[in-house]
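Coordinates as given in upload.cif (mmCIF, C-alpha atoms):
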data_entry
#
loop_
_atom_site.label_atom_id
_atom_site.label_comp_id
_atom_site.auth_asym_id
_atom_site.auth_seq_id
_atom_site.Cartn_x
_atom_site.Cartn_y
_atom_site.Cartn_z
CA MET S 2 0.00 0.00 0.00
CA SER S 3 1.50 3.33 -1.03
CA GLU S 4 1.71 6.30 1.29
CA SER S 5 -0.53 9.33 1.11
CA TRP S 6 1.07 12.72 1.63
CA LEU S 7 -0.15 16.18 2.42
CA ILE S 8 2.10 19.14 1.70
CA GLN S 9 0.66 22.06 3.66
CA GLY S 10 0.94 25.81 3.41
CA ALA S 11 3.21 26.29 0.40
CA ARG S 12 2.84 28.98 -2.21
CA VAL S 13 1.83 26.73 -5.10
CA LEU S 14 3.04 27.95 -8.47
CA ASP S 15 1.74 25.83 -11.36
CA PRO S 16 1.91 27.68 -14.70
CA ALA S 17 0.17 24.78 -16.48
CA ASN S 18 -3.00 25.60 -14.55
CA GLY S 19 -2.47 29.33 -14.04
CA LEU S 20 -2.18 28.84 -10.28
CA ASP S 21 -0.18 31.04 -7.92
CA ALA S 22 -1.62 30.91 -4.40
CA VAL S 23 -1.12 29.33 -0.98
CA ARG S 24 -2.55 25.83 -1.20
CA ASP S 25 -2.35 22.33 0.25
CA VAL S 26 -1.34 19.48 -2.07
CA HIS S 27 -2.63 15.95 -1.49
CA ILE S 28 -0.70 13.02 -2.99
CA VAL S 29 -2.17 9.51 -3.30
CA ASP S 30 -0.56 6.50 -4.99
CA GLY S 31 2.22 8.64 -6.41
CA LYS S 32 -0.14 11.03 -8.16
CA ILE S 33 -1.59 14.46 -7.50
CA ALA S 34 -5.01 13.89 -5.90
CA ARG S 35 -6.07 17.42 -4.98
CA VAL S 36 -4.78 20.96 -4.76
CA ALA S 37 -7.03 22.96 -2.44
CA GLU S 38 -7.08 25.84 0.04
CA SER S 39 -7.32 23.51 3.02
CA ILE S 40 -7.17 19.72 3.27
CA ALA S 41 -7.73 17.79 6.50
CA PRO S 42 -4.53 15.97 7.49
CA GLU S 43 -6.05 12.93 9.19
CA GLY S 44 -4.17 9.73 8.39
CA LEU S 45 -1.66 11.43 6.11
CA LEU S 46 2.07 12.03 6.15
CA VAL S 47 2.31 15.81 6.47
CA VAL S 48 5.07 18.10 5.21
CA ASN S 49 5.11 21.62 6.64
CA ALA S 50 5.89 23.83 3.64
CA ASN S 51 5.12 27.23 5.12
CA GLY S 52 7.37 29.83 3.51
CA LEU S 53 8.32 27.57 0.60
CA VAL S 54 7.25 27.68 -3.04
CA LEU S 55 5.88 24.43 -4.46
CA THR S 56 6.19 23.86 -8.20
CA PRO S 57 5.99 20.91 -10.57
CA GLY S 58 9.33 19.13 -10.74
CA PHE S 59 11.66 20.69 -13.29
CA VAL S 60 12.03 19.14 -16.75
CA ASP S 61 15.46 19.16 -18.43
CA LEU S 62 15.41 18.65 -22.20
CA HIS S 63 19.19 18.37 -22.55
CA CYS S 64 21.34 16.38 -20.14
CA HIS S 65 24.41 14.15 -20.46
CA LEU S 66 24.35 11.07 -18.23
CA ARG S 67 27.40 9.53 -20.00
CA GLU S 68 26.41 5.90 -19.37
CA PRO S 69 27.13 3.55 -21.11
CA GLY S 70 30.78 4.00 -21.93
CA PHE S 71 31.88 7.04 -19.94
CA GLU S 72 31.04 6.03 -16.39
CA TYR S 73 34.17 7.75 -15.12
CA LYS S 74 32.48 11.07 -15.99
CA GLU S 75 28.93 10.26 -14.85
CA THR S 76 26.44 7.41 -14.50
CA VAL S 77 22.68 7.32 -14.71
CA ALA S 78 22.62 6.92 -10.93
CA THR S 79 24.92 9.85 -10.09
CA GLY S 80 23.38 12.08 -12.77
CA THR S 81 19.83 11.51 -11.61
CA ARG S 82 20.82 12.09 -7.99
CA ALA S 83 22.31 15.40 -9.09
CA ALA S 84 19.11 16.13 -10.97
CA VAL S 85 16.79 15.77 -7.98
CA GLN S 86 19.15 17.85 -5.84
CA GLY S 87 18.64 20.57 -8.43
CA GLY S 88 14.84 20.13 -8.48
CA PHE S 89 14.80 18.26 -11.81
CA THR S 90 12.46 15.30 -11.69
CA THR S 91 12.64 14.59 -15.43
CA VAL S 92 15.81 14.57 -17.52
CA CYS S 93 16.19 13.85 -21.22
CA SER S 94 19.51 12.13 -21.76
CA MET S 95 21.60 12.78 -24.85
CA ALA S 96 22.87 10.04 -27.15
CA ASN S 97 26.64 10.67 -27.03
CA THR S 98 27.44 7.49 -25.13
CA ASP S 99 29.59 4.51 -26.12
CA PRO S 100 27.95 2.83 -27.89
CA VAL S 101 25.95 5.71 -29.30
CA VAL S 102 22.23 5.45 -28.60
CA ASP S 103 21.20 4.24 -32.04
CA THR S 104 19.60 0.86 -31.23
CA PRO S 105 16.61 -0.17 -29.08
CA ALA S 106 18.94 -2.32 -26.96
CA THR S 107 20.92 0.74 -25.79
CA VAL S 108 17.68 2.58 -25.04
CA ALA S 109 16.52 -0.38 -22.95
CA PHE S 110 19.84 -0.40 -21.07
CA ILE S 111 19.50 3.28 -20.11
CA LEU S 112 15.88 2.87 -19.03
CA GLU S 113 16.82 -0.13 -16.86
CA ARG S 114 19.63 1.85 -15.23
CA ALA S 115 17.19 4.69 -14.53
CA LYS S 116 14.73 2.26 -12.94
CA ASP S 117 17.48 0.90 -10.69
CA ALA S 118 18.56 4.41 -9.68
CA ALA S 119 15.01 5.30 -8.57
CA ALA S 120 15.69 9.04 -8.68
CA ALA S 121 14.65 11.32 -11.56
CA ARG S 122 12.71 10.09 -14.58
CA VAL S 123 14.91 9.54 -17.62
CA TYR S 124 13.73 9.92 -21.21
CA PRO S 125 16.49 9.04 -23.69
CA LEU S 126 17.17 10.79 -26.97
CA ALA S 127 18.53 8.71 -29.83
CA ALA S 128 21.00 9.68 -32.50
CA VAL S 129 19.81 11.03 -35.84
CA THR S 130 22.51 9.21 -37.79
CA GLN S 131 24.00 5.81 -37.06
CA GLY S 132 27.06 6.10 -34.87
CA PHE S 133 26.89 9.89 -35.27
CA GLY S 134 28.48 9.26 -38.67
CA GLY S 135 26.31 11.78 -40.49
CA THR S 136 25.67 9.51 -43.46
CA GLN S 137 22.90 7.04 -42.60
CA LEU S 138 19.72 7.71 -40.65
CA VAL S 139 18.83 5.57 -37.63
CA GLU S 140 15.71 3.41 -37.54
CA MET S 141 13.53 6.13 -36.03
CA ALA S 142 10.38 4.01 -35.84
CA ALA S 143 12.04 1.22 -33.83
CA LEU S 144 13.75 3.71 -31.53
CA SER S 145 10.53 5.64 -31.01
CA ASP S 146 8.78 2.41 -30.05
CA ALA S 147 11.65 1.72 -27.62
CA GLY S 148 10.91 4.95 -25.76
CA VAL S 149 13.03 7.79 -27.12
CA VAL S 150 11.46 11.25 -27.09
CA ALA S 151 13.56 13.00 -29.75
CA PHE S 152 16.55 12.53 -32.05
CA SER S 153 19.86 14.38 -31.93
CA ASP S 154 23.50 13.89 -32.92
CA ASP S 155 24.20 16.03 -29.85
CA GLY S 156 27.41 18.08 -30.16
CA LEU S 157 27.92 17.01 -33.76
CA PRO S 158 25.84 19.29 -35.98
CA ILE S 159 24.01 17.75 -38.90
CA ALA S 160 26.11 19.68 -41.36
CA ASP S 161 24.73 18.11 -44.54
CA ALA S 162 21.55 20.01 -45.41
CA ARG S 163 20.22 17.13 -47.51
CA MET S 164 20.66 14.73 -44.58
CA MET S 165 18.89 17.18 -42.28
CA ARG S 166 15.98 17.44 -44.70
CA HIS S 167 15.66 13.65 -44.87
CA ALA S 168 15.82 13.42 -41.05
CA LEU S 169 13.03 15.96 -40.70
CA GLU S 170 10.91 14.12 -43.28
CA TYR S 171 11.42 10.79 -41.51
CA SER S 172 10.60 12.36 -38.13
CA LEU S 173 7.11 13.17 -39.39
CA LEU S 174 6.36 9.44 -39.39
CA VAL S 175 7.12 9.08 -35.68
CA GLY S 176 6.02 12.49 -34.44
CA LYS S 177 9.27 13.25 -32.60
CA PRO S 178 11.42 16.38 -33.05
CA ILE S 179 14.91 16.60 -34.49
CA VAL S 180 17.24 18.43 -32.10
CA ASN S 181 20.25 20.09 -33.69
CA HIS S 182 23.42 21.59 -32.31
CA CYS S 183 23.64 24.49 -34.74
CA GLU S 184 27.27 25.08 -35.65
CA ASP S 185 28.55 25.47 -39.18
CA PRO S 186 31.89 23.59 -39.06
CA ALA S 187 33.47 25.75 -41.74
CA LEU S 188 32.64 28.98 -39.96
CA ALA S 189 33.43 27.59 -36.51
CA HIS S 190 36.85 26.55 -37.87
CA GLY S 191 38.12 25.11 -34.61
CA GLY S 192 37.06 28.09 -32.49
CA VAL S 193 37.32 27.48 -28.75
CA MET S 194 35.54 30.56 -27.42
CA ASN S 195 33.35 33.41 -28.65
CA GLU S 196 34.95 35.47 -31.40
CA GLY S 197 35.33 39.04 -30.19
CA LEU S 198 37.51 41.43 -28.27
CA THR S 199 38.12 38.93 -25.47
CA SER S 200 39.30 36.16 -27.80
CA LEU S 201 41.54 38.67 -29.57
CA ARG S 202 43.02 39.85 -26.29
CA LEU S 203 43.61 36.30 -25.07
CA GLY S 204 45.00 35.04 -28.36
CA LEU S 205 42.47 32.20 -28.60
CA ARG S 206 40.74 31.15 -31.82
CA GLY S 207 37.22 32.54 -31.80
CA MET S 208 33.93 31.05 -32.97
CA PRO S 209 31.74 33.71 -34.61
CA ALA S 210 28.05 34.05 -33.81
CA GLU S 211 27.34 33.43 -37.49
CA ALA S 212 28.52 29.83 -37.14
CA GLU S 213 25.41 29.23 -35.07
CA GLU S 214 23.05 31.61 -36.82
CA THR S 215 23.51 30.35 -40.37
CA MET S 216 22.57 26.83 -39.34
CA VAL S 217 19.60 28.03 -37.27
CA ALA S 218 18.34 29.81 -40.38
CA ARG S 219 18.92 26.72 -42.53
CA ASP S 220 17.04 24.48 -40.11
CA ALA S 221 14.13 26.92 -39.90
CA LEU S 222 13.84 26.88 -43.70
CA LEU S 223 13.99 23.09 -43.82
CA ALA S 224 11.33 22.84 -41.12
CA ARG S 225 9.17 25.16 -43.21
CA ARG S 226 9.74 23.00 -46.29
CA THR S 227 9.00 19.68 -44.57
CA GLY S 228 6.44 20.74 -41.96
CA ALA S 229 8.47 18.86 -39.35
CA HIS S 230 9.39 19.96 -35.82
CA VAL S 231 12.97 21.15 -35.33
CA HIS S 232 14.27 22.00 -31.88
CA ILE S 233 17.31 24.27 -31.57
CA ALA S 234 19.61 23.25 -28.75
CA HIS S 235 21.33 25.74 -26.43
CA VAL S 236 20.67 29.00 -28.32
CA SER S 237 23.42 31.49 -27.52
CA THR S 238 23.28 34.53 -29.83
CA GLN S 239 21.13 37.56 -30.49
CA GLY S 240 20.91 36.67 -34.17
CA SER S 241 19.61 33.18 -33.42
CA VAL S 242 16.85 34.62 -31.25
CA GLU S 243 15.82 36.95 -34.07
CA ILE S 244 15.74 34.12 -36.62
CA ILE S 245 13.68 31.83 -34.36
CA ARG S 246 11.27 34.65 -33.53
CA ALA S 247 10.69 35.37 -37.23
CA ALA S 248 10.24 31.66 -37.97
CA LYS S 249 7.62 31.28 -35.25
CA GLN S 250 5.76 34.30 -36.60
CA GLN S 251 5.56 32.46 -39.92
CA GLY S 252 4.08 29.39 -38.24
CA ILE S 253 7.17 27.23 -38.68
CA ARG S 254 7.37 24.32 -36.22
CA ILE S 255 10.49 25.43 -34.40
CA THR S 256 11.24 25.41 -30.67
CA ALA S 257 14.35 26.39 -28.76
CA GLU S 258 16.12 26.09 -25.42
CA VAL S 259 18.69 28.18 -23.57
CA THR S 260 21.05 27.18 -20.77
CA PRO S 261 21.47 28.93 -17.40
CA HIS S 262 25.11 29.65 -18.21
CA HIS S 263 24.30 31.35 -21.51
CA LEU S 264 21.72 33.44 -19.63
CA THR S 265 24.07 34.59 -16.89
CA LEU S 266 27.75 34.27 -17.90
CA THR S 267 29.84 35.99 -20.58
CA ASP S 268 33.04 35.20 -22.46
CA SER S 269 34.98 37.38 -20.04
CA LEU S 270 34.84 34.43 -17.64
CA VAL S 271 37.39 32.59 -19.77
CA ALA S 272 39.98 34.97 -18.33
CA GLN S 273 38.45 35.07 -14.86
CA ARG S 274 41.76 34.09 -13.34
CA LEU S 275 43.78 36.65 -15.26
CA HIS S 276 46.99 37.38 -13.32
CA ALA S 277 46.05 34.70 -10.81
CA GLY S 278 48.71 33.73 -8.30
CA LYS S 279 52.27 34.71 -9.06
CA GLY S 280 53.37 36.11 -12.37
CA THR S 281 51.64 38.32 -14.86
CA GLY S 282 50.61 35.88 -17.61
CA PHE S 283 47.08 35.02 -18.62
CA ALA S 284 45.39 32.15 -16.78
CA TYR S 285 42.61 30.65 -18.85
CA ASP S 286 39.71 28.99 -17.02
CA THR S 287 38.91 25.79 -18.90
CA HIS S 288 35.79 25.36 -16.75
CA ALA S 289 34.32 28.23 -18.79
CA LYS S 290 34.88 26.36 -22.05
CA VAL S 291 31.52 25.25 -23.42
CA LYS S 292 29.84 24.71 -26.80
CA PRO S 293 28.35 26.94 -27.99
CA PRO S 294 30.73 29.35 -26.25
CA LEU S 295 29.74 31.90 -23.65
CA ARG S 296 28.86 35.08 -25.53
CA THR S 297 28.35 38.76 -24.63
CA GLU S 298 26.04 40.94 -22.53
CA ALA S 299 24.18 41.91 -25.71
CA ASP S 300 23.50 38.25 -26.40
CA ILE S 301 22.31 37.70 -22.83
CA LYS S 302 19.90 40.62 -23.20
CA ALA S 303 18.47 39.09 -26.39
CA LEU S 304 18.17 35.64 -24.80
CA VAL S 305 16.25 37.07 -21.84
CA GLU S 306 13.94 38.92 -24.23
CA GLY S 307 13.44 35.62 -26.03
CA LEU S 308 12.31 33.99 -22.81
CA ASN S 309 9.91 36.81 -22.04
CA ASP S 310 8.22 36.94 -25.44
CA GLY S 311 7.99 33.16 -25.95
CA THR S 312 10.64 32.87 -28.65
CA ILE S 313 12.61 30.51 -26.40
CA ASP S 314 10.51 27.69 -24.98
CA ALA S 315 12.67 26.16 -22.29
CA ILE S 316 15.62 26.51 -19.96
CA ALA S 317 17.69 23.33 -20.33
CA THR S 318 20.92 22.57 -18.51
CA ASP S 319 23.14 20.92 -21.14
CA HIS S 320 24.65 19.27 -18.04
CA ALA S 321 28.04 18.07 -19.28
CA PRO S 322 30.08 16.40 -16.53
CA HIS S 323 33.77 15.81 -17.17
CA SER S 324 36.65 14.34 -15.22
CA THR S 325 39.35 16.51 -13.70
CA THR S 326 41.85 15.50 -16.38
CA ASP S 327 39.41 16.58 -19.11
CA LYS S 328 39.79 20.16 -17.89
CA LEU S 329 43.33 20.26 -16.46
CA CYS S 330 45.04 20.89 -19.79
CA GLU S 331 45.60 23.59 -22.38
CA PHE S 332 42.43 25.55 -23.12
CA SER S 333 42.33 24.44 -26.74
CA ASP S 334 42.61 20.79 -25.70
CA ALA S 335 40.10 20.90 -22.83
CA GLU S 336 36.70 19.24 -23.17
CA SER S 337 33.74 21.60 -23.54
CA GLY S 338 30.98 21.55 -20.97
CA ILE S 339 29.74 22.58 -17.55
CA SER S 340 28.32 20.42 -14.77
CA CYS S 341 25.21 22.35 -13.82
CA LEU S 342 22.19 20.25 -12.80
CA GLU S 343 22.70 21.31 -9.20
CA THR S 344 23.26 25.01 -9.92
CA ALA S 345 20.79 25.60 -12.78
CA PHE S 346 17.77 26.80 -10.83
CA SER S 347 19.73 29.22 -8.64
CA GLN S 348 21.64 30.60 -11.61
CA ALA S 349 18.41 31.28 -13.49
CA TYR S 350 16.71 32.62 -10.36
CA GLN S 351 19.25 35.46 -10.38
CA LEU S 352 17.33 36.84 -13.38
CA VAL S 353 14.18 36.98 -11.24
CA GLN S 354 15.99 38.78 -8.45
CA ASP S 355 17.35 41.26 -10.97
CA GLY S 356 13.82 41.93 -12.29
CA ARG S 357 14.64 40.64 -15.78
CA ILE S 358 12.05 37.85 -15.80
CA THR S 359 9.19 36.95 -13.48
CA LEU S 360 9.16 33.92 -11.21
CA GLN S 361 6.16 32.64 -13.17
CA THR S 362 8.12 32.81 -16.42
CA LEU S 363 11.09 31.02 -14.89
CA ILE S 364 8.98 28.16 -13.53
CA SER S 365 7.05 27.88 -16.79
CA LYS S 366 10.30 27.55 -18.76
CA LEU S 367 11.44 24.82 -16.34
CA THR S 368 8.20 22.82 -16.22
CA VAL S 369 5.19 22.91 -18.52
CA GLU S 370 6.82 24.46 -21.59
CA PRO S 371 9.69 21.96 -21.92
CA SER S 372 7.18 19.18 -21.32
CA HIS S 373 5.19 20.42 -24.31
CA VAL S 374 8.29 20.55 -26.52
CA PHE S 375 8.87 16.78 -26.19
CA SER S 376 5.20 15.88 -25.51
CA LEU S 377 5.89 14.59 -21.99
CA ARG S 378 3.28 13.94 -19.29
CA THR S 379 5.08 16.01 -16.69
CA GLY S 380 5.41 19.64 -15.64
CA THR S 381 1.93 20.01 -14.13
CA LEU S 382 0.11 19.62 -10.80
CA SER S 383 -3.17 18.65 -12.43
CA PRO S 384 -5.10 15.89 -10.61
CA GLY S 385 -3.92 12.50 -11.86
CA ALA S 386 -0.51 13.80 -12.93
CA PRO S 387 2.62 12.18 -11.47
CA ALA S 388 3.44 13.74 -8.11
CA ASP S 389 6.77 15.18 -9.26
CA ILE S 390 7.35 18.24 -7.09
CA ALA S 391 10.06 20.75 -6.19
CA LEU S 392 9.85 22.77 -2.97
CA LEU S 393 11.92 25.95 -3.16
CA ASP S 394 13.25 28.28 -0.49
CA LEU S 395 13.54 31.56 -2.35
CA GLU S 396 14.99 33.34 0.68
CA GLY S 397 17.79 30.83 1.11
CA THR S 398 21.29 31.20 -0.30
CA TRP S 399 24.13 28.76 -0.77
CA THR S 400 27.71 28.72 -1.95
CA VAL S 401 28.70 26.53 -4.88
CA ASN S 402 31.04 23.79 -3.65
CA PRO S 403 31.75 21.30 -6.45
CA SER S 404 33.18 18.74 -4.05
CA ALA S 405 29.69 18.45 -2.55
CA PHE S 406 28.00 17.79 -5.92
CA ALA S 407 26.16 14.49 -6.29
CA SER S 408 27.35 14.55 -9.90
CA LYS S 409 30.74 13.06 -10.68
CA GLY S 410 31.36 16.19 -12.74
CA LYS S 411 32.88 18.94 -10.61
CA ASN S 412 33.56 21.16 -13.62
CA THR S 413 31.93 24.52 -13.01
CA PRO S 414 33.28 28.05 -13.54
CA ILE S 415 31.23 29.41 -10.62
CA ALA S 416 32.81 27.49 -7.74
CA GLY S 417 32.76 29.65 -4.62
CA THR S 418 29.91 31.83 -5.90
CA THR S 419 27.00 32.48 -3.55
CA LEU S 420 23.69 31.90 -5.31
CA PRO S 421 20.12 32.79 -4.34
CA GLY S 422 17.33 30.26 -3.90
CA ARG S 423 17.61 26.67 -2.69
CA VAL S 424 15.87 23.46 -3.67
CA ALA S 425 14.70 22.28 -0.26
CA LEU S 426 12.84 19.07 -1.12
CA THR S 427 12.13 17.08 -4.26
CA PHE S 428 9.45 14.42 -4.80
CA VAL S 429 9.27 11.93 -7.68
CA ASP S 430 6.18 9.76 -8.03
CA GLY S 431 5.08 10.96 -4.62
CA ARG S 432 8.34 9.82 -2.97
CA PRO S 433 10.74 12.25 -1.28
CA VAL S 434 14.01 11.72 -3.14
CA HIS S 435 15.91 14.76 -1.89
CA ILE S 436 15.89 16.77 1.36
CA ALA S 437 18.55 19.48 1.49
CA ASP S 438 20.69 20.00 4.56
CA GLY S 439 18.87 22.19 7.04
CA TYR S 440 15.41 21.18 5.86
CA GLU S 441 15.15 17.84 7.64
CA GLU S 442 12.50 19.25 9.97
CA ARG S 443 10.33 19.72 6.92
CA GLY S 444 10.14 15.95 6.58
CA ALA S 445 6.92 14.06 7.08
CA THR S 446 4.96 13.98 10.33
CA GLN S 447 2.46 11.14 10.74
CA THR S 448 -1.06 12.25 11.64
#
Structure re-expressed in C-alpha cells:
Amino acid sequence: MSESWLIQGARVLDPANGLDAVRDVHIVDGKIARVAESIAPEGLLVVNANGLVLTPGFVDLHCHLREPGFEYKETVATGTRAAVQGGFTTVCSMANTDPVVDTPATVAFILERAKDAAAARVYPLAAVTQGFGGTQLVEMAALSDAGVVAFSDDGLPIADARMMRHALEYSLLVGKPIVNHCEDPALAHGGVMNEGLTSLRLGLRGMPAEAEETMVARDALLARRTGAHVHIAHVSTQGSVEIIRAAKQQGIRITAEVTPHHLTLTDSLVAQRLHAGKGTGFAYDTHAKVKPPLRTEADIKALVEGLNDGTIDAIATDHAPHSTTDKLCEFSDAESGISCLETAFSQAYQLVQDGRITLQTLISKLTVEPSHVFSLRTGTLSPGAPADIALLDLEGTWTVNPSAFASKGKNTPIAGTTLPGRVALTFVDGRPVHIADGYEERGATQT
C-alpha cells in the first residue's frame, strides 16, 4: 500500500494551470489527488511547507548522463541524484554514449539503469545518424517504439543540409522532433571561445556568432519545407533569437532552449583568473569552455527577451560532466561543458531577483513548456498527474562547492559563488528523493 502525503501551506506555483496561491497538495498512490485551500490531514504524512514555493518538478530537455561508456564522468545513478538535488524530476539524456544510442537495446539499457537508480525520470534521446556518422539515418520508428522522445546527434551538428531534410521528413512518421546543435563547421573553424575582443586579447581562436546563426536559419527553412518539428539546442546569440522569432511568426514548427550559463555568464569568464597567483601571464579557465561558447552581454539581453516573449521555450541545462583531467590541460585541448544540474535553478533565479524575468516565467520555462516541446506527461500539478514536485526556499542562499555535488562532474566556472534560492525538497512519483541539509525538519509527520 503506497503512502498518502499532504504538503501544507506552500505557495503553489503551477503555470500549467495558471495557479499562484497558498494551497495544500494531497498526494495519493504517487499522483496528484487534490490541490485545495485547506485539506484535513487525518491519516496522512504531512510536510510543513510554510514559507516555501511548491512547483511541478523541473524538466530538463538536454542532459548528459554519459552511461554507457563514460562512467568515469557520470552514471545514470549519479546524474539523476544530481538532478533531484537541483529540483529536476525529469531529464532527457543525450545520445553521445559509447555505444551511441542508435539501437533499441541501448535505449533499454538506459531505461533499466534509470529504474534501478530510482531518482529522476529519464527519457532518452537517440542519434539522428547511425554512430553519429552523419551519413545514414537511424531506424527512427524502432527507436521511437523503444521509448526515445527526440533525435539528436548532440554536439555534432548535422552539417549536410540534404541529410537534415531527410531526417526531418522521416521524423514526421514518428512524431518526434529533431534536435540540432547548430554550428557550421566551416565557420566555426576550430574556435574554442566566442569570437570578439576577449578572444583577440587572449589570443584564442574565436567562434563567430554566425557559425550558429547560419545553421539556425537553414534548419528553420527546412522545417518550413518539410512541416516537421525542429528543436534548436542551447541558443546562444542575439541573431539566433531573431531568426527563431521570425520563424515562429511564420508558423514554422520550431522550438528552442537556452542554458542557465548562456543566460548569466559571458566570455569574459574565460579569463576570470587573469593574473592569478604569481606572475603576470594570462590564466585561462577551462571550466568556462563550453559549446556553444559563452557570448556577450548583448546576447544575454536578447536571450532574456526571447524567454519573455515566448521565442525561447525552455531553460535546459546541457549538463556536461567531465573528469578533472578533461579540464586540467591547455584551453584548446580541454573538453567543452559545464556540470550544472545542481546550480541551474539558482543561476536562473538570479534573473528573477534582478527583475529581468518573473518567477512565473522562470517556472514555466522549467516545467510545462519543456514538457510540451517533447510531448511529456510532466510539468503540471493537475489531478492525476505524477506527483513530481520541487519545494523551493527563495529566501535561502548557498555557496557553490563542487566537491559536494552528487554529480561526478565537478567542472563549473562558478565554484565559490553564492547563489540565491535553494531546492529544499524534491518528490518523484510521490516519494521524497531529496531533502537538502537544514530542511530535515520539513520531513513528514504522521497524523
- [ ] Just give me the residues with any atom within 12 Å of (8.2, 35.8, -14.6), file coordinates, counting all atoms listed in the file, written as an MDAnalysis selection string.
- [x] chainID S and resid 14 16 21 305:306 308:311 349:367
Write to file, as a short mmCIF file (atom, residue, chain, number, x, y, z; two decimals), in the frame of the given file, the residues of the selection just made, with C-alpha atoms.
data_model
loop_
_atom_site.label_atom_id
_atom_site.label_comp_id
_atom_site.auth_asym_id
_atom_site.auth_seq_id
_atom_site.Cartn_x
_atom_site.Cartn_y
_atom_site.Cartn_z
CA LEU S 14 3.04 27.95 -8.47
CA PRO S 16 1.91 27.68 -14.70
CA ASP S 21 -0.18 31.04 -7.92
CA VAL S 305 16.25 37.07 -21.84
CA GLU S 306 13.94 38.92 -24.23
CA LEU S 308 12.31 33.99 -22.81
CA ASN S 309 9.91 36.81 -22.04
CA ASP S 310 8.22 36.94 -25.44
CA GLY S 311 7.99 33.16 -25.95
CA ALA S 349 18.41 31.28 -13.49
CA TYR S 350 16.71 32.62 -10.36
CA GLN S 351 19.25 35.46 -10.38
CA LEU S 352 17.33 36.84 -13.38
CA VAL S 353 14.18 36.98 -11.24
CA GLN S 354 15.99 38.78 -8.45
CA ASP S 355 17.35 41.26 -10.97
CA GLY S 356 13.82 41.93 -12.29
CA ARG S 357 14.64 40.64 -15.78
CA ILE S 358 12.05 37.85 -15.80
CA THR S 359 9.19 36.95 -13.48
CA LEU S 360 9.16 33.92 -11.21
CA GLN S 361 6.16 32.64 -13.17
CA THR S 362 8.12 32.81 -16.42
CA LEU S 363 11.09 31.02 -14.89
CA ILE S 364 8.98 28.16 -13.53
CA SER S 365 7.05 27.88 -16.79
CA LYS S 366 10.30 27.55 -18.76
CA LEU S 367 11.44 24.82 -16.34
#
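Proximity to S:Pro105 was assessed for S:Lys409, S:Arg122, S:Thr91, S:Ala127 counting all atoms listed in the file; the smallest distance is recorded for S:Ala127.
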Task: Residues returned when the PyMOL selection byres ((chain S and resi 268) around 10) runs on this file, as a PyMOL selection string - done: chain S and resi 194-200+263+266-267+269-273+289-290+294-298
Open item on the list: Around (20.6, 6.3, -11.5), as given in the file, which residues come within 7 Å? Count only C-alpha atoms and list them as a list in words.
Closed with: Thr76, Val77, Ala78, Thr79, Gly80, Thr81, Arg82, Arg114, Ala115, Asp117, Ala118, Ala119 and Ala120 of chain S
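Interatomic distance, atom CA of S:Leu188 against atom CA of S:Gly204: 18.0 Å.
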TODO: Starting from the shown file, work through the PyMOL selection byres ((chain S and resi 230) around 9) and note down what comes out as a ChimeraX atom specification.
DONE: /S:169,172-173,176-180,224,227-229,231-232,253-256
Please write the residues from the selection above to a file, keeping C-alpha atoms, as a compact mmCIF listing (two decimals), keeping the file's coordinate frame.
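The result, written out as part06.txt:
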# COMPACT_ATOMS: atom_id res chain seq x y z
CA LEU S 169 13.03 15.96 -40.70
CA SER S 172 10.60 12.36 -38.13
CA LEU S 173 7.11 13.17 -39.39
CA GLY S 176 6.02 12.49 -34.44
CA LYS S 177 9.27 13.25 -32.60
CA PRO S 178 11.42 16.38 -33.05
CA ILE S 179 14.91 16.60 -34.49
CA VAL S 180 17.24 18.43 -32.10
CA ALA S 224 11.33 22.84 -41.12
CA THR S 227 9.00 19.68 -44.57
CA GLY S 228 6.44 20.74 -41.96
CA ALA S 229 8.47 18.86 -39.35
CA VAL S 231 12.97 21.15 -35.33
CA HIS S 232 14.27 22.00 -31.88
CA ILE S 253 7.17 27.23 -38.68
CA ARG S 254 7.37 24.32 -36.22
CA ILE S 255 10.49 25.43 -34.40
CA THR S 256 11.24 25.41 -30.67
- [ ] List the neighbours of S:Ala257 out to 6 Å using only C-alpha atoms; skip same-chain residues closer than 2 positions along the sequence, and give me the result as a ChimeraX atom specification.
- [x] /S:232-233,313-314
Chain and number of each residue from the PyMOL selection byres ((chain S and resi 37) around 8), as an mmCIF file with C-alpha atoms, in the frame of the given file:
data_model
loop_
_atom_site.group_PDB
_atom_site.id
_atom_site.type_symbol
_atom_site.label_atom_id
_atom_site.label_comp_id
_atom_site.auth_asym_id
_atom_site.auth_seq_id
_atom_site.Cartn_x
_atom_site.Cartn_y
_atom_site.Cartn_z
ATOM 1 C CA ARG S 24 -2.550 25.830 -1.200
ATOM 2 C CA ASP S 25 -2.350 22.330 0.250
ATOM 3 C CA VAL S 26 -1.340 19.480 -2.070
ATOM 4 C CA ARG S 35 -6.070 17.420 -4.980
ATOM 5 C CA VAL S 36 -4.780 20.960 -4.760
ATOM 6 C CA GLU S 38 -7.080 25.840 0.040
ATOM 7 C CA SER S 39 -7.320 23.510 3.020
ATOM 8 C CA ILE S 40 -7.170 19.720 3.270
#
Kindly list the centre and edge lengths in Å, rounded to one decimal, for the axis-aligned box that covers all listed atoms of stretch 369-373 of chain S plus 5 Å on each of its six sides, as JSON.
{"center_x": 7.4, "center_y": 21.8, "center_z": -21.4, "size_x": 14.5, "size_y": 15.3, "size_z": 15.8}
- [ ] Can you pull out every residue within 9 Å of stretch 422-433 of chain S, counting only C-alpha atoms, but drop anything in the same chain fewer than 3 positions away, and send it as a ChimeraX atom specification?
- [x] /S:4-6,28-33,53,58,85-91,119-122,346-348,350-351,387-399,436-440,443-444
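Residues in contact with S:Ser237 at up to 10 Å, not including ones fewer than 2 positions away on its chain and judged by all atoms listed in the file, are S:Ala210, S:Glu213, S:Glu214, S:Ala234, S:His235, S:Gln239, S:Gly240, S:Ser241, S:Val242, S:Glu258, S:Val259, S:Thr260, S:His262, S:His263, S:Leu264, S:Lys292, S:Pro293, S:Pro294, S:Leu295, S:Arg296, S:Thr297, S:Asp300, S:Ile301, S:Ala303, S:Leu304.
With atom CA of S:Val236 on one side and atom CA of S:Cys93 on the other, the separation reads 17.3 Å.
Rounded to one decimal, atom CA of S:Leu7 and atom CA of S:Asn49 lie 8.7 Å from each other.
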Task: Of the listed residues S:Asp185, S:Glu370, S:Glu331, S:Asp103, that which approaches S:Leu205 most closely, counting all atoms listed in the file - done: S:Glu331
